[in-house]
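Student: Mind looking over this structure? Questions follow.
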Amino acid sequence: MTVQRIRPRKFLFLQGPPGAFFARLAAALRARGHEVQRINLCGGDRYDWPHDGVDYRGPMGDWPMFFDRFVCRYAITDLVLYGDCRPLHKAALRMAQLRGVHIHVFEEGYIRPHWMTLERDGVNGHSPLERDPAAIMAEAQWLPPVPRQEPIVADQGRRARDSYWHYHHVVTGKLRFPFYRTHRQGSIVVEGIGWGLKLLRRKRRAREADETLRNVAGRPCFLFPLQLTGDYQIRAHSPFGAMHVAVEYVLESFARFADPETLLLIKEHPLDGGLRNWKRTIDRVARNLGIAERVHHIDGGDLGALAEAALGMVCVNSTSGTLALEAGMPVVVLGDAVYDVPGVTHQGGLDTFWTRPELPDRTLYEAFKQILHAKCLVHGGLASESGIEILVRGSVERLLSDDIPAATYPQAKPARTDDVRLRA
């Protein structure tokens with residue numbers, strides 16, 4: 001029998017999360033003997049990537065063919081990126097699929113905290129994960145149990161600093177990248193001002209959250225954690241398009257179908273930049289529906305503890321839903337979520353959830369977690385040095401776990417001195 005030779009892989013990195021993670025992951029792959037290329041799309045990418053890279057400075061319309069020529073020129077075998085819905089990433093994914101390139105997509109962890117998602121071909125609503133309960137149970141019986149890992153140290157101040165300096169260089173790098181448009185909605189500068197004002201009010205917000213939680217303590221209450229309007233979970237994987245539309249939908253259903261004795265606690269997302277006054281928005285909608293005394297807003301609090309104490313959790317598609325499932329609490333999903341599996345989440349729609357919420361099948365949920373950990377999750381985080389170090393080690397092992405036979409490798413095109421199409 002002929003044994004096929006395994007050659008070093010050739011990785012191409014596009015945009016990653018703000019900070020040092022992608023650069024350190026690339027260094028670890030190089031240390032294992034693999035080649036790494038990078039295309040910078042904005043000033044923030046250049047700032048986060050101290051290695052050599054190629055700057056793409058052209059318009060969006062020229063990007064697909066630039067990317068394809070780059071893949072062919074360097075015989076790229078693997079594409080690594082963070083998020084699969086950014087316009088430049090979407091185009092690159094489609095072109096990479098035409099060339100048979102292996103695609104690896106990072107995203108925030110399906111189960112949090114202490115984990116990141118790394119999946120082949122797509123994440124969230126694009127994930128190829130199995131959702132059929134019978135198939136999940138059949139597959140899980142051959143998988144190892146969910147590993148027990150040490151908690152990851154997290155410092156949200158670290159992530160805030162990484163984000164600030166990334167987007168600072170996006171703004172200051174406009175001259176070098178004149179056609180770049182961030183995937184984020186709204187103005188980066190205005191969002192920065194909103195964050196500044198939010199930080200100034202953090203003590204007051206904490207006091208208000210504590211007071212609200214004291215007022216609702218011991219009373220039957222559903223929990224609704226908000227998500228970020230600019231997140232593609234809302235923009236691409238939900239029917240709402242914006243978070244305030246989801247809020248109106250949930251409040252109208254709560255007003256019509258929930259027991260009059262129950263409350264709804266709406267928790268603001270901790271990374272919301274403060275551009276929308278959510279308390280004012282929620283109070284206005286609740287007053288118009290005649291349920292102002294039953295709807296409460298907080299900007300703070302421990303989500304895990306709140307989920308354990310709630311009657312159930314309403315999610316668009318937030319991974320916060322897994323915190324409630326871990327506690328054995330009912331969860332209803334309004335958008336596309338990988339954990340929206342019959343038997344795990346409530347399947348009767350939001351209107352029935354308020355009075356007849358379906359409890360998760362613990363055995364099925366544990367089987368589903370086995371598949372997540374085996375296929376999608378990498379231990380680590382982005383908010384500390386130790387978290388990044390652990391995440392790099394696990395990511396390298398996951399990326400290299402499916403070695404590509406040398407016979408299937410594309411061949412690099414010979415360089416041509418007159419070809420200017422790949423110049424920065």
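Residue names in the structure tokens use chain letters A, B, ... in the order shown, residue numbers from 1 in each chain, and ligand numbers from 1 in the order shown.
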Contacts of segment 222-236 of chain A at 6 Å or less, counting only C-alpha atoms, minus same-chain residues fewer than 6 places along, as an MDAnalysis selection string?

Tutor: chainID A and resid 184:185 242:243 264:269 310:314

Student: Next, dump the selected residues to file, keeping only N, CA and C atoms, as a short mmCIF file (atom, residue, chain, number, x, y, z; two decimals), in the first residue's frame.

Tutor:
data_model
loop_
_atom_site.label_atom_id
_atom_site.label_comp_id
_atom_site.auth_asym_id
_atom_site.auth_seq_id
_atom_site.Cartn_x
_atom_site.Cartn_y
_atom_site.Cartn_z
N ARG A 184 -19.01 46.94 10.69
CA ARG A 184 -19.82 47.44 11.80
C ARG A 184 -20.74 48.56 11.31
N GLN A 185 -21.92 48.63 11.90
CA GLN A 185 -22.87 49.67 11.53
C GLN A 185 -22.57 50.95 12.28
N ALA A 242 -32.76 44.34 13.36
CA ALA A 242 -32.26 45.26 14.38
C ALA A 242 -32.84 44.83 15.72
N MET A 243 -32.11 45.09 16.79
CA MET A 243 -32.51 44.58 18.09
C MET A 243 -33.77 45.25 18.63
N LEU A 264 -40.96 40.44 33.25
CA LEU A 264 -39.95 40.25 32.20
C LEU A 264 -38.76 41.14 32.53
N LEU A 265 -37.61 40.53 32.71
CA LEU A 265 -36.37 41.26 32.99
C LEU A 265 -35.52 41.28 31.73
N ILE A 266 -35.24 42.49 31.24
CA ILE A 266 -34.45 42.65 30.01
C ILE A 266 -33.06 43.13 30.39
N LYS A 267 -32.05 42.34 30.05
CA LYS A 267 -30.67 42.66 30.41
C LYS A 267 -29.91 43.20 29.21
N GLU A 268 -29.31 44.35 29.38
CA GLU A 268 -28.54 44.97 28.30
C GLU A 268 -27.25 44.20 28.05
N HIS A 269 -26.80 44.16 26.80
CA HIS A 269 -25.56 43.47 26.46
C HIS A 269 -24.37 44.23 27.05
N ALA A 310 -34.50 32.36 36.71
CA ALA A 310 -35.63 32.75 35.86
C ALA A 310 -36.56 31.57 35.58
N LEU A 311 -37.78 31.90 35.18
CA LEU A 311 -38.72 30.88 34.71
C LEU A 311 -38.30 30.32 33.36
N GLY A 312 -37.57 31.12 32.59
CA GLY A 312 -37.11 30.72 31.27
C GLY A 312 -36.41 31.90 30.62
N MET A 313 -35.73 31.64 29.53
CA MET A 313 -34.99 32.68 28.83
C MET A 313 -35.48 32.80 27.39
N VAL A 314 -35.67 34.04 26.95
CA VAL A 314 -36.01 34.35 25.56
C VAL A 314 -34.74 34.83 24.87
#

Student: Please list as a list in words every residue within 8 Å of segment 145-153 of chain A, counting only C-alpha atoms and excluding residues in the same chain fewer than 5 positions away.

Tutor: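 Near segment 145-153 of chain A, the qualifying residues are Pro113, His114, Lys369, Gln370, His373, His379, Gly380, Gly381, Ala383, Ser384, Ser386 and Gly387 of chain A.
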
Student: For a test of reading the model, state the distance in Å between atom CA of Thr172 of chain A and atom CA of Ala160 of chain A, rounded to one decimal.

Tutor: 18.1 Å

Student: For a test of reading the model, state the distance in Å between atom CA of Gly328 of chain A and atom CA of Met116 of chain A, rounded to one decimal.

Tutor: 22.3 Å

Student: Hey, what does DSSP flag as strand (DSSP E) within segment 62-273 of chain A? Can you give it to me as a list in words?

Tutor: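 Taking segment 62-273 of chain A and keeping strand (DSSP E) gives Asp78, Leu79, Val80, Leu81, Tyr82, His102, Ile103, His104, Val105, Phe106, Glu107, Glu108, Trp115, Met116, Thr117, Leu118, Glu119, Arg120, Cys221, Phe222, Leu223, Phe224, Pro225, Leu263, Leu264, Leu265, Ile266 and Lys267 of chain A.
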
Student: Write to file, as a CSV table (one decimal), in the first residue's frame, the residues of the selection just made, with N, CA and C atoms.

Tutor:
chain,number,residue,atom,x,y,z
A,78,ASP,N,-5.4,26.5,3.1
A,78,ASP,CA,-6.3,26.8,4.2
A,78,ASP,C,-6.5,28.2,4.4
A,79,LEU,N,-7.8,28.6,4.6
A,79,LEU,CA,-8.2,30.0,4.9
A,79,LEU,C,-8.7,30.1,6.3
A,80,VAL,N,-8.2,31.1,7.0
A,80,VAL,CA,-8.5,31.3,8.4
A,80,VAL,C,-9.1,32.7,8.6
A,81,LEU,N,-10.3,32.8,9.2
A,81,LEU,CA,-10.8,34.2,9.4
A,81,LEU,C,-11.8,34.1,10.6
A,82,TYR,N,-12.2,35.3,11.0
A,82,TYR,CA,-13.1,35.5,12.2
A,82,TYR,C,-14.4,36.0,11.7
A,102,HIS,N,-9.5,24.6,2.2
A,102,HIS,CA,-10.1,24.3,3.5
A,102,HIS,C,-10.4,25.6,4.3
A,103,ILE,N,-11.6,25.8,4.8
A,103,ILE,CA,-12.0,27.0,5.4
A,103,ILE,C,-12.2,26.8,6.9
A,104,HIS,N,-11.6,27.7,7.7
A,104,HIS,CA,-11.7,27.6,9.2
A,104,HIS,C,-12.2,28.9,9.7
A,105,VAL,N,-13.4,28.9,10.3
A,105,VAL,CA,-14.0,30.1,10.8
A,105,VAL,C,-14.0,30.2,12.3
A,106,PHE,N,-13.4,31.2,12.9
A,106,PHE,CA,-13.5,31.4,14.3
A,106,PHE,C,-14.7,32.4,14.6
A,107,GLU,N,-15.2,32.2,15.8
A,107,GLU,CA,-16.3,33.1,16.3
A,107,GLU,C,-16.3,33.0,17.8
A,108,GLU,N,-17.1,33.8,18.5
A,108,GLU,CA,-17.3,33.7,19.9
A,108,GLU,C,-17.8,32.3,20.2
A,115,TRP,N,-14.6,29.2,26.2
A,115,TRP,CA,-14.5,28.5,24.9
A,115,TRP,C,-14.6,29.5,23.8
A,116,MET,N,-14.0,29.2,22.7
A,116,MET,CA,-14.2,29.9,21.4
A,116,MET,C,-14.6,28.8,20.4
A,117,THR,N,-15.3,29.3,19.4
A,117,THR,CA,-15.8,28.5,18.3
A,117,THR,C,-14.8,28.4,17.2
A,118,LEU,N,-14.5,27.3,16.6
A,118,LEU,CA,-13.7,27.1,15.4
A,118,LEU,C,-14.3,26.0,14.6
A,119,GLU,N,-14.9,26.4,13.5
A,119,GLU,CA,-15.7,25.4,12.7
A,119,GLU,C,-15.3,25.5,11.3
A,120,ARG,N,-15.4,24.3,10.6
A,120,ARG,CA,-15.1,24.2,9.2
A,120,ARG,C,-16.3,24.8,8.4
A,221,CYS,N,-40.3,35.4,37.0
A,221,CYS,CA,-39.7,36.4,36.1
A,221,CYS,C,-39.1,35.6,34.9
A,222,PHE,N,-39.3,36.1,33.7
A,222,PHE,CA,-38.6,35.6,32.5
A,222,PHE,C,-37.4,36.5,32.2
A,223,LEU,N,-36.4,36.0,31.6
A,223,LEU,CA,-35.2,36.8,31.3
A,223,LEU,C,-35.0,36.9,29.8
A,224,PHE,N,-34.7,38.1,29.3
A,224,PHE,CA,-34.5,38.4,27.9
A,224,PHE,C,-33.2,39.2,27.8
A,225,PRO,N,-32.1,38.5,27.5
A,225,PRO,CA,-30.8,39.2,27.3
A,225,PRO,C,-30.7,39.8,25.9
A,263,LEU,N,-43.2,38.6,35.5
A,263,LEU,CA,-42.4,39.8,35.1
A,263,LEU,C,-41.5,39.4,33.9
A,264,LEU,N,-41.0,40.4,33.2
A,264,LEU,CA,-39.9,40.2,32.2
A,264,LEU,C,-38.8,41.1,32.5
A,265,LEU,N,-37.6,40.5,32.7
A,265,LEU,CA,-36.4,41.3,33.0
A,265,LEU,C,-35.5,41.3,31.7
A,266,ILE,N,-35.2,42.5,31.2
A,266,ILE,CA,-34.4,42.6,30.0
A,266,ILE,C,-33.1,43.1,30.4
A,267,LYS,N,-32.1,42.3,30.0
A,267,LYS,CA,-30.7,42.7,30.4
A,267,LYS,C,-29.9,43.2,29.2

Student: If DSSP is run on the backbone, what residues of segment 201-404 of chain A are alpha helix (DSSP H)? A reply as a VMD selection string would be ideal.

Tutor: chain A and resid 202 to 216 232 to 235 243 to 257 278 to 289 303 to 309 321 to 326 350 to 353 362 to 375 385 to 399

Student: How far is it from atom CA of Glu248 of chain A to atom CA of Ala309 of chain A, in Å with one decimal?

Tutor: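 Distance reported for this atom pair: 24.0 Å.
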